[in-house]
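The next block holds one structure in the form of structure tokens; read it before the comments.
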Amino acid sequence: MLGKAWFVSHSSAYRYNKKAREEAITSRCKFISGDAREIINTLNQFNLIILGSISPVFGNYFQTMTILKKNLTKDGLIILDDGYFEDDQPYKHDFIIKKSMLLNQIEKAGMKLIKEYTETEINQNDEYEMQFNYLKQRCQELAVQYPDKKYLFDNYIEKQRVEYNNLENIITCATMVIQNK
């Protein structure tokens, strides 16, 4: 099934292209890095497009799926790694929507969710804690180096503390496999 793939991360594209060369599969597999909003119109048909924790990059999920659908082969897949609120939760966020709204936008774009892996199946909390501690340590180092900007680093740490708490306790983090209807 995987004839081609598209990654937005520069370091991932480098590593995966190197691995493709090592495995002698470069004729079947190509990894591209860049700003998806800029390169989307230069791409051909892909078997797989991966969006990793970037929110709907082309507007809302309907717009994102509609644009990406044009770049998929007939049986192509989109792997969406993102988060949503369960429908019964009262929370609101600028970039995170309720699951039913997410699924509605995917369906409206002529796509369907065929498999979902949630954080209950993939425990991320240890990773979140490690990342947060690294951010906190680095901000503290920068606050010492730039004492006049300490308030900026303190604010950033607090915002990240809330964000990581949301990821651990409020937001359902999921990897979704999406396909044309």
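Naming scheme: A, B, ... for chains in displayed order of the structure tokens; residues 1 onward per chain; ligands 1 onward as shown.
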Who sits within 10 Å of segment 127-133 of chain A, only C-alpha atoms, same chain under 5 positions skipped, as a list in words |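 My reading of the contact set: Arg138, Cys139, Ile157, Gln160, Arg161, Glu163, Tyr164, Asn165, Leu167 and Glu168 of chain A.
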Next, write the just-selected residues to a file, as a PDB file, in the first residue's frame, keeping all heavy atoms as the atom set.
```pdb
ATOM      1  N   ARG A 138      15.013  24.784  30.602  1.00  0.00           N
ATOM      2  CA  ARG A 138      15.594  25.702  29.608  1.00  0.00           C
ATOM      3  C   ARG A 138      15.117  27.131  29.855  1.00  0.00           C
ATOM      4  O   ARG A 138      15.903  28.078  29.740  1.00  0.00           O
ATOM      5  CB  ARG A 138      15.238  25.252  28.191  1.00  0.00           C
ATOM      6  CG  ARG A 138      15.887  26.073  27.115  1.00  0.00           C
ATOM      7  CD  ARG A 138      17.411  25.933  27.172  1.00  0.00           C
ATOM      8  NE  ARG A 138      18.018  26.779  26.169  1.00  0.00           N
ATOM      9  CZ  ARG A 138      19.030  27.601  26.383  1.00  0.00           C
ATOM     10  NH1 ARG A 138      19.616  27.647  27.560  1.00  0.00           N
ATOM     11  NH2 ARG A 138      19.503  28.345  25.433  1.00  0.00           N
ATOM     12  N   CYS A 139      13.861  27.308  30.198  1.00  0.00           N
ATOM     13  CA  CYS A 139      13.354  28.655  30.497  1.00  0.00           C
ATOM     14  C   CYS A 139      14.026  29.239  31.727  1.00  0.00           C
ATOM     15  O   CYS A 139      14.335  30.437  31.766  1.00  0.00           O
ATOM     16  CB  CYS A 139      11.829  28.618  30.683  1.00  0.00           C
ATOM     17  SG  CYS A 139      10.916  28.467  29.143  1.00  0.00           S
ATOM     18  N   ILE A 157       6.319  29.210  30.882  1.00  0.00           N
ATOM     19  CA  ILE A 157       6.285  27.973  31.670  1.00  0.00           C
ATOM     20  C   ILE A 157       4.878  27.717  32.193  1.00  0.00           C
ATOM     21  O   ILE A 157       4.376  26.594  32.132  1.00  0.00           O
ATOM     22  CB  ILE A 157       7.295  28.030  32.843  1.00  0.00           C
ATOM     23  CG1 ILE A 157       8.726  27.967  32.318  1.00  0.00           C
ATOM     24  CG2 ILE A 157       7.045  26.900  33.841  1.00  0.00           C
ATOM     25  CD1 ILE A 157       9.781  28.244  33.374  1.00  0.00           C
ATOM     26  N   GLN A 160       2.600  26.574  29.422  1.00  0.00           N
ATOM     27  CA  GLN A 160       2.929  25.203  29.054  1.00  0.00           C
ATOM     28  C   GLN A 160       2.450  24.220  30.122  1.00  0.00           C
ATOM     29  O   GLN A 160       1.998  23.126  29.804  1.00  0.00           O
ATOM     30  CB  GLN A 160       4.435  25.050  28.813  1.00  0.00           C
ATOM     31  CG  GLN A 160       4.908  25.706  27.540  1.00  0.00           C
ATOM     32  CD  GLN A 160       4.162  25.189  26.327  1.00  0.00           C
ATOM     33  OE1 GLN A 160       4.172  24.010  26.032  1.00  0.00           O
ATOM     34  NE2 GLN A 160       3.500  26.093  25.620  1.00  0.00           N
ATOM     35  N   ARG A 161       2.515  24.618  31.397  1.00  0.00           N
ATOM     36  CA  ARG A 161       2.017  23.755  32.475  1.00  0.00           C
ATOM     37  C   ARG A 161       0.524  23.472  32.260  1.00  0.00           C
ATOM     38  O   ARG A 161       0.072  22.332  32.361  1.00  0.00           O
ATOM     39  CB  ARG A 161       2.239  24.406  33.840  1.00  0.00           C
ATOM     40  CG  ARG A 161       1.815  23.537  35.008  1.00  0.00           C
ATOM     41  CD  ARG A 161       1.919  24.232  36.369  1.00  0.00           C
ATOM     42  NE  ARG A 161       3.038  25.128  36.534  1.00  0.00           N
ATOM     43  CZ  ARG A 161       4.294  24.766  36.852  1.00  0.00           C
ATOM     44  NH1 ARG A 161       4.561  23.497  37.018  1.00  0.00           N
ATOM     45  NH2 ARG A 161       5.237  25.664  37.007  1.00  0.00           N
ATOM     46  N   GLU A 163      -1.118  23.699  29.381  1.00  0.00           N
ATOM     47  CA  GLU A 163      -1.254  22.926  28.141  1.00  0.00           C
ATOM     48  C   GLU A 163      -0.943  21.448  28.376  1.00  0.00           C
ATOM     49  O   GLU A 163      -1.676  20.571  27.928  1.00  0.00           O
ATOM     50  CB  GLU A 163      -0.327  23.500  27.065  1.00  0.00           C
ATOM     51  CG  GLU A 163      -0.639  23.043  25.680  1.00  0.00           C
ATOM     52  CD  GLU A 163      -1.919  23.619  25.109  1.00  0.00           C
ATOM     53  OE1 GLU A 163      -2.396  24.667  25.577  1.00  0.00           O
ATOM     54  OE2 GLU A 163      -2.455  22.989  24.177  1.00  0.00           O
ATOM     55  N   TYR A 164       0.139  21.156  29.095  1.00  0.00           N
ATOM     56  CA  TYR A 164       0.478  19.761  29.380  1.00  0.00           C
ATOM     57  C   TYR A 164      -0.555  19.117  30.299  1.00  0.00           C
ATOM     58  O   TYR A 164      -0.885  17.949  30.135  1.00  0.00           O
ATOM     59  CB  TYR A 164       1.891  19.642  29.955  1.00  0.00           C
ATOM     60  CG  TYR A 164       2.948  19.686  28.889  1.00  0.00           C
ATOM     61  CD1 TYR A 164       3.651  20.850  28.630  1.00  0.00           C
ATOM     62  CD2 TYR A 164       3.241  18.561  28.116  1.00  0.00           C
ATOM     63  CE1 TYR A 164       4.629  20.901  27.637  1.00  0.00           C
ATOM     64  CE2 TYR A 164       4.202  18.600  27.126  1.00  0.00           C
ATOM     65  CZ  TYR A 164       4.900  19.769  26.890  1.00  0.00           C
ATOM     66  OH  TYR A 164       5.849  19.811  25.909  1.00  0.00           O
ATOM     67  N   ASN A 165      -1.085  19.865  31.257  1.00  0.00           N
ATOM     68  CA  ASN A 165      -2.156  19.340  32.103  1.00  0.00           C
ATOM     69  C   ASN A 165      -3.368  18.988  31.249  1.00  0.00           C
ATOM     70  O   ASN A 165      -3.997  17.952  31.445  1.00  0.00           O
ATOM     71  CB  ASN A 165      -2.533  20.341  33.191  1.00  0.00           C
ATOM     72  CG  ASN A 165      -3.617  19.793  34.089  1.00  0.00           C
ATOM     73  OD1 ASN A 165      -3.477  18.724  34.673  1.00  0.00           O
ATOM     74  ND2 ASN A 165      -4.734  20.507  34.172  1.00  0.00           N
ATOM     75  N   LEU A 167      -3.346  18.174  28.081  1.00  0.00           N
ATOM     76  CA  LEU A 167      -3.010  16.987  27.291  1.00  0.00           C
ATOM     77  C   LEU A 167      -3.114  15.713  28.122  1.00  0.00           C
ATOM     78  O   LEU A 167      -3.544  14.672  27.633  1.00  0.00           O
ATOM     79  CB  LEU A 167      -1.597  17.107  26.707  1.00  0.00           C
ATOM     80  CG  LEU A 167      -1.436  18.088  25.559  1.00  0.00           C
ATOM     81  CD1 LEU A 167       0.037  18.305  25.243  1.00  0.00           C
ATOM     82  CD2 LEU A 167      -2.177  17.611  24.322  1.00  0.00           C
ATOM     83  N   GLU A 168      -2.723  15.806  29.381  1.00  0.00           N
ATOM     84  CA  GLU A 168      -2.749  14.625  30.238  1.00  0.00           C
ATOM     85  C   GLU A 168      -4.145  14.298  30.765  1.00  0.00           C
ATOM     86  O   GLU A 168      -4.456  13.138  30.999  1.00  0.00           O
ATOM     87  CB  GLU A 168      -1.814  14.812  31.437  1.00  0.00           C
ATOM     88  CG  GLU A 168      -0.355  14.778  31.062  1.00  0.00           C
ATOM     89  CD  GLU A 168       0.564  15.032  32.254  1.00  0.00           C
ATOM     90  OE1 GLU A 168       0.090  15.485  33.310  1.00  0.00           O
ATOM     91  OE2 GLU A 168       1.767  14.770  32.104  1.00  0.00           O
TER      92      GLU A 168
END
```
Selection near segment 150-152 of chain A, 12 Å with only C-alpha atoms, sequence-local residues under 5 positions removed, as an MDAnalysis selection string = chainID A and resid 138:145 157:159
Keeping only C-alpha atoms, write those residues as an mmCIF file, in the first residue's frame.
```
data_model
loop_
_atom_site.group_PDB
_atom_site.id
_atom_site.type_symbol
_atom_site.label_atom_id
_atom_site.label_comp_id
_atom_site.auth_asym_id
_atom_site.auth_seq_id
_atom_site.Cartn_x
_atom_site.Cartn_y
_atom_site.Cartn_z
ATOM 1 C CA ARG A 138 15.594 25.702 29.608
ATOM 2 C CA CYS A 139 13.354 28.655 30.497
ATOM 3 C CA GLN A 140 14.965 28.894 33.914
ATOM 4 C CA GLU A 141 18.413 28.938 32.277
ATOM 5 C CA LEU A 142 17.312 31.685 29.899
ATOM 6 C CA ALA A 143 15.781 33.683 32.768
ATOM 7 C CA VAL A 144 19.190 33.684 34.486
ATOM 8 C CA GLN A 145 20.891 34.686 31.254
ATOM 9 C CA ILE A 157 6.285 27.973 31.670
ATOM 10 C CA GLU A 158 2.877 28.580 33.241
ATOM 11 C CA LYS A 159 1.088 28.416 29.860
#
```
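Of the listed residues A:Asn71, A:Asn60, A:Gln105, A:Thr175, the one whose atoms come nearest to Ile40 of chain A is A:Asn71, with distances taken using only C-alpha atoms.
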Judged by only C-alpha atoms, the minimum distance to Thr42 of chain A among A:Met176, A:Lys70, A:Asp81, A:Glu23 is found for A:Lys70
May I ask which of the residues A:Leu51, A:Ile171, A:Val57, A:Ile25 is the closest one to Tyr91 of chain A, counting only C-alpha atoms?
-> A:Ile171
DSSP on the backbone: what in segment 63-164 of chain A comes out strand (DSSP E), as a count of residues only?
-> 21
